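J.: Mind having a look at this structure? Questions to follow.
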Amino acid sequence: MLTRSQSVLPVLLLLATWELLSRSGAADPVLFPPFSKAILALVDMARSGDLARDIISSYSRMAAGLVLGSVVAIGLGVLTGRIRRIGAFVSPIVHVLRPLPPVAIIPLIIVWLGIGESAKIFSIAFAVFFPVWLNTHAGAAQVPRKLLWSASTLSRSRSRLLFQIILPAALPFIAAGLRLGISLAFVMVFVSELAGASQGIGYQIATSHLAYRIDRMIAALMVLGVAGAGTDLLFTFVLYRSCPWLRLLEAK
Amino acid sequence: MNTAVLRDVSVTFGSKIVLEGVSLALHAGEFVSLVGASGSGKTTLINAIAGFVGYSGQIQVPQDIGVVFQDYSVFPWMTVANNIGFGLTDMHSAERQAIIDQHLEMIELVRERDRYPPELSGGQMQRVGIARALAPNPRLVMMDEPFASLDRHTRDRMQTWLLRLWGEHQSTILFVTHDLDEAIFLSDRLLVLTGKGECQSFPVPFRRPRQEEIQFDPDFVELKRVVLAAMKGDTVVMSSRS
């Protein structure tokens, strides 16, 4: 286990090297502004209110796409994982669509849905759907028979069987799918905001690029990176808090 | 009165005949152990009676049954109390809690009520699994080698807990085991499945409550000898003692 100082040290070293390279002129400070300048740009963005506006905007799109894609994927994954006939019918279709890079469908989505919010949310949901579906399908298919048999002698309710047995038994798989989905959602929110957006972190990067404000671009990228890592941390924190048995199972 | 009656029950998996023409009856409230060599179809018979696998022939069983398996006996995502209460539906919350509390006391896991199964030992988990199956008071409970993975000491204590729970409920119990000492100690009757569709019945002649010392009784040894021979498919006669 790394101590706090051991994990902070490499990051500090990287930032110091970056600052030195840029300030000493070893790297072109226009193309490669020092870290301190990127921080100043970030402070500036925060003061003007742009930062909060962009974060809220990107997060709402991402959350909407993530929820939409995950709900459909979990529902379908349970059906395809548990009911062989549905699985045999749906799986080939999903497997044909799965190798498509989600970014590649954006032009088509723009043609179908325009450049508004619904197009952005749909493209995020599309990307999130596949890892979540694949993992839910695998999780639902591997529920031990004996668990289902035991439960069926104790309760005849199908909804209890679904919500209290199948979904919890598949949860470790679903959670792994959702974590992949979250990282893909960040990619897609950025890509979908590059064109046809008036706010958002992706939009901020695109406009800073046009204005040649490299410091702002880097500042926005840092926000994107921290937001991605933070969201993943928040997800695992909430998951383990609400399902303490998961950590116990993993520790076994 | 019979709790379960099987007539000419056969089970096939593909072209393999796993059970062939088994007939038997389980009387209300009796504790019956099902013994037989590996592959004689003991587990398949339980699965057929519970309706988990398809069969031909006739099986009459009550609607309310419970099962306990050697593994996957508890739901790891539910606390001990919620595991025991899973089958307790259609009743007031206070009544449900009272039944859960009563079972926690009987299996001596009151302090573990809010713990999750991964925090329990193997023996504790099986106690929860057995309490969960018995809590709704079903007429028939089937157990498939529930103590097979436990050490000797834990197994002995589990037998005491099981008899205590059974004493409270008086459900009919069909208990699969490969341990003849365990089968004789626990049961009113042994059923030997020979794999040829034959199901021989051997009454256990000891009064309850039983002490561990009965295993040194000549009748115990004789019954064990006869049952072992029956498991091998030999024709045996019990020697009579005056």
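To be explicit about the labels: the chains of the structure tokens are called A, B, and onward in the order shown, and within each one the residues are counted from 1, while ligands get numbers from 1 in the order they are shown.
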With 9 Å as the cut-off and only C-alpha atoms counted, what is the closest atom pair between each nearby residue of chain B and chain A? Distances in Å to one decimal, ordered by chain and number, as a Markdown table.
T.:
```
| residue | atom | partner | partner_atom | distance |
| --- | --- | --- | --- | --- |
| B:Ala50 | CA | A:Thr153 | CA | 8.1 |
| B:Phe52 | CA | A:Trp149 | CA | 7.0 |
| B:Gln63 | CA | A:Thr153 | CA | 8.9 |
| B:Asp64 | CA | A:Thr153 | CA | 7.3 |
| B:Ile65 | CA | A:Thr153 | CA | 6.2 |
| B:Gly66 | CA | A:Thr153 | CA | 5.9 |
| B:Val67 | CA | A:Ser150 | CA | 6.1 |
| B:Val68 | CA | A:Ser150 | CA | 7.3 |
| B:Phe69 | CA | A:Lys146 | CA | 7.5 |
| B:Asp71 | CA | A:Lys146 | CA | 8.2 |
| B:Tyr72 | CA | A:Leu147 | CA | 5.9 |
| B:Ser73 | CA | A:Leu147 | CA | 7.3 |
| B:Val74 | CA | A:Leu147 | CA | 7.7 |
| B:Phe75 | CA | A:Leu147 | CA | 7.3 |
| B:Pro76 | CA | A:Trp245 | CA | 6.9 |
| B:Trp77 | CA | A:Trp245 | CA | 5.7 |
| B:Met78 | CA | A:Trp245 | CA | 8.1 |
| B:Thr79 | CA | A:Trp245 | CA | 8.9 |
| B:Phe86 | CA | A:Leu154 | CA | 6.9 |
| B:Gly87 | CA | A:Leu154 | CA | 4.4 |
| B:Leu88 | CA | A:Leu154 | CA | 7.9 |
| B:Thr89 | CA | A:Ser155 | CA | 7.9 |
| B:Tyr116 | CA | A:Trp245 | CA | 6.3 |
| B:Pro117 | CA | A:Trp245 | CA | 8.2 |
| B:Pro118 | CA | A:Leu248 | CA | 5.9 |
| B:Glu119 | CA | A:Leu248 | CA | 7.2 |
| B:Arg132 | CA | A:Leu154 | CA | 8.7 |
| B:Ala133 | CA | A:Leu154 | CA | 7.6 |
| B:Pro136 | CA | A:Leu154 | CA | 8.0 |
```
J.: Once DSSP has gone over the backbone, tell me which residues of segment 25-235 of chain B are in strand (DSSP E), as a VMD selection string.
T.: chain B and resid 25 to 27 31 to 35 56 to 60 65 to 68 140 to 144 172 to 176 189 to 193 199 to 203
J.: For the selection you just gave me, I'd like the residues written to a file as a compact mmCIF listing (two decimals), in the first residue's frame, keeping N, CA, C and O atoms.
T.:
```txt
# COMPACT_ATOMS: atom_id res chain seq x y z
N ALA B 25 -42.92 -43.75 0.10
CA ALA B 25 -43.86 -42.87 0.80
C ALA B 25 -43.17 -42.30 2.03
O ALA B 25 -42.38 -42.99 2.68
N LEU B 26 -43.42 -41.02 2.30
CA LEU B 26 -42.88 -40.37 3.50
C LEU B 26 -44.06 -40.05 4.42
O LEU B 26 -45.02 -39.41 3.98
N HIS B 27 -43.99 -40.51 5.67
CA HIS B 27 -45.10 -40.30 6.59
C HIS B 27 -44.97 -38.93 7.26
O HIS B 27 -43.85 -38.42 7.45
N PHE B 31 -38.58 -38.30 10.16
CA PHE B 31 -37.26 -37.87 9.70
C PHE B 31 -36.66 -39.06 8.96
O PHE B 31 -36.36 -40.09 9.57
N VAL B 32 -36.53 -38.92 7.65
CA VAL B 32 -36.05 -40.03 6.84
C VAL B 32 -34.72 -39.64 6.19
O VAL B 32 -34.60 -38.55 5.63
N SER B 33 -33.74 -40.52 6.30
CA SER B 33 -32.48 -40.25 5.60
C SER B 33 -32.40 -41.11 4.35
O SER B 33 -32.74 -42.30 4.39
N LEU B 34 -31.97 -40.48 3.28
CA LEU B 34 -31.83 -41.18 2.00
C LEU B 34 -30.34 -41.45 1.80
O LEU B 34 -29.54 -40.51 1.75
N VAL B 35 -29.98 -42.72 1.76
CA VAL B 35 -28.57 -43.05 1.57
C VAL B 35 -28.42 -43.90 0.31
O VAL B 35 -29.39 -44.46 -0.20
N SER B 56 -40.89 -38.78 -15.09
CA SER B 56 -42.10 -39.50 -15.46
C SER B 56 -42.54 -40.28 -14.23
O SER B 56 -41.74 -40.55 -13.33
N GLY B 57 -43.81 -40.66 -14.18
CA GLY B 57 -44.35 -41.32 -13.00
C GLY B 57 -45.20 -40.34 -12.21
O GLY B 57 -45.58 -39.28 -12.72
N GLN B 58 -45.44 -40.68 -10.96
CA GLN B 58 -46.36 -39.86 -10.17
C GLN B 58 -45.70 -39.40 -8.88
O GLN B 58 -45.10 -40.21 -8.16
N ILE B 59 -45.78 -38.10 -8.61
CA ILE B 59 -45.25 -37.58 -7.34
C ILE B 59 -46.33 -36.73 -6.68
O ILE B 59 -46.81 -35.77 -7.28
N GLN B 60 -46.72 -37.12 -5.47
CA GLN B 60 -47.69 -36.32 -4.72
C GLN B 60 -46.96 -35.68 -3.55
O GLN B 60 -46.49 -36.39 -2.65
N ILE B 65 -42.93 -26.66 0.48
CA ILE B 65 -41.73 -27.47 0.73
C ILE B 65 -40.55 -26.53 0.96
O ILE B 65 -40.60 -25.36 0.58
N GLY B 66 -39.52 -27.06 1.57
CA GLY B 66 -38.29 -26.29 1.76
C GLY B 66 -37.13 -27.14 1.31
O GLY B 66 -37.20 -28.37 1.34
N VAL B 67 -36.05 -26.50 0.86
CA VAL B 67 -34.86 -27.25 0.47
C VAL B 67 -33.61 -26.60 1.08
O VAL B 67 -33.57 -25.39 1.26
N VAL B 68 -32.65 -27.43 1.39
CA VAL B 68 -31.35 -26.94 1.86
C VAL B 68 -30.29 -27.68 1.07
O VAL B 68 -30.31 -28.91 1.01
N LEU B 140 -42.93 -30.37 4.17
CA LEU B 140 -41.81 -31.23 3.77
C LEU B 140 -40.54 -30.39 3.58
O LEU B 140 -40.58 -29.36 2.90
N VAL B 141 -39.45 -30.82 4.20
CA VAL B 141 -38.16 -30.15 3.99
C VAL B 141 -37.16 -31.19 3.50
O VAL B 141 -37.05 -32.27 4.08
N MET B 142 -36.47 -30.87 2.41
CA MET B 142 -35.48 -31.81 1.86
C MET B 142 -34.09 -31.18 1.99
O MET B 142 -33.92 -29.99 1.69
N MET B 143 -33.15 -31.98 2.43
CA MET B 143 -31.79 -31.45 2.63
C MET B 143 -30.81 -32.35 1.90
O MET B 143 -30.80 -33.55 2.11
N ASP B 144 -30.00 -31.72 1.05
CA ASP B 144 -29.05 -32.49 0.24
C ASP B 144 -27.64 -32.34 0.79
O ASP B 144 -26.96 -31.36 0.51
N THR B 172 -41.96 -33.01 7.92
CA THR B 172 -41.36 -34.25 7.44
C THR B 172 -40.01 -33.88 6.83
O THR B 172 -39.93 -32.91 6.07
N ILE B 173 -38.96 -34.64 7.17
CA ILE B 173 -37.65 -34.29 6.63
C ILE B 173 -37.09 -35.44 5.81
O ILE B 173 -37.10 -36.60 6.25
N LEU B 174 -36.65 -35.11 4.61
CA LEU B 174 -35.93 -36.09 3.78
C LEU B 174 -34.50 -35.59 3.68
O LEU B 174 -34.24 -34.51 3.13
N PHE B 175 -33.58 -36.36 4.27
CA PHE B 175 -32.22 -35.90 4.48
C PHE B 175 -31.25 -36.78 3.70
O PHE B 175 -31.17 -37.98 3.96
N VAL B 176 -30.56 -36.20 2.73
CA VAL B 176 -29.60 -36.99 1.95
C VAL B 176 -28.23 -36.90 2.62
O VAL B 176 -27.77 -35.81 2.96
N ARG B 189 -36.05 -43.48 10.05
CA ARG B 189 -36.02 -44.53 9.03
C ARG B 189 -34.95 -44.19 8.00
O ARG B 189 -34.71 -43.00 7.72
N LEU B 190 -34.30 -45.23 7.47
CA LEU B 190 -33.33 -45.00 6.38
C LEU B 190 -33.92 -45.56 5.10
O LEU B 190 -34.53 -46.63 5.11
N LEU B 191 -33.73 -44.85 4.02
CA LEU B 191 -34.12 -45.36 2.71
C LEU B 191 -32.84 -45.56 1.92
O LEU B 191 -32.01 -44.65 1.82
N VAL B 192 -32.66 -46.76 1.37
CA VAL B 192 -31.45 -47.03 0.59
C VAL B 192 -31.82 -47.09 -0.88
O VAL B 192 -32.65 -47.89 -1.30
N LEU B 193 -31.21 -46.19 -1.64
CA LEU B 193 -31.44 -46.15 -3.09
C LEU B 193 -30.31 -46.94 -3.74
O LEU B 193 -29.14 -46.61 -3.58
N CYS B 199 -35.87 -49.17 -3.63
CA CYS B 199 -35.72 -48.27 -2.51
C CYS B 199 -36.09 -49.04 -1.26
O CYS B 199 -37.25 -49.24 -0.95
N GLN B 200 -35.06 -49.52 -0.55
CA GLN B 200 -35.32 -50.35 0.62
C GLN B 200 -35.41 -49.49 1.87
O GLN B 200 -34.68 -48.51 2.01
N SER B 201 -36.32 -49.86 2.78
CA SER B 201 -36.55 -49.07 3.97
C SER B 201 -36.06 -49.81 5.22
O SER B 201 -36.31 -51.01 5.37
N PHE B 202 -35.34 -49.11 6.09
CA PHE B 202 -34.84 -49.71 7.34
C PHE B 202 -35.21 -48.81 8.52
O PHE B 202 -34.69 -47.69 8.63
N PRO B 203 -36.10 -49.27 9.40
CA PRO B 203 -36.45 -48.45 10.57
C PRO B 203 -35.28 -48.38 11.54
O PRO B 203 -34.52 -49.33 11.66
```
J.: B:Ala148, B:Ile184, B:Gln97, B:Gln159: which is nearest Arg127 of chain B, counting only C-alpha atoms?
T.: B:Gln159
J.: Which one of A:Ser22, A:Thr136, A:Ser91, A:Ser118 sits closest to Ile74 of chain A if you count only C-alpha atoms?
T.: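 Counting only C-alpha atoms, the residue closest to Ile74 of chain A is A:Thr136.
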J.: Could you pull out the alpha helix (DSSP H) residues of segment 2-138 of chain A, going by DSSP on the backbone, and write them as a ChimeraX atom specification?
T.: /A:4-23,35-48,50-82,84-97,106-113,117-138
J.: How far is it from atom CA of Ala170 of chain A to atom CA of Phe130 of chain A, in Å with one decimal?
T.: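 Pair atom CA of Ala170 of chain A / atom CA of Phe130 of chain A returns 16.2 Å.
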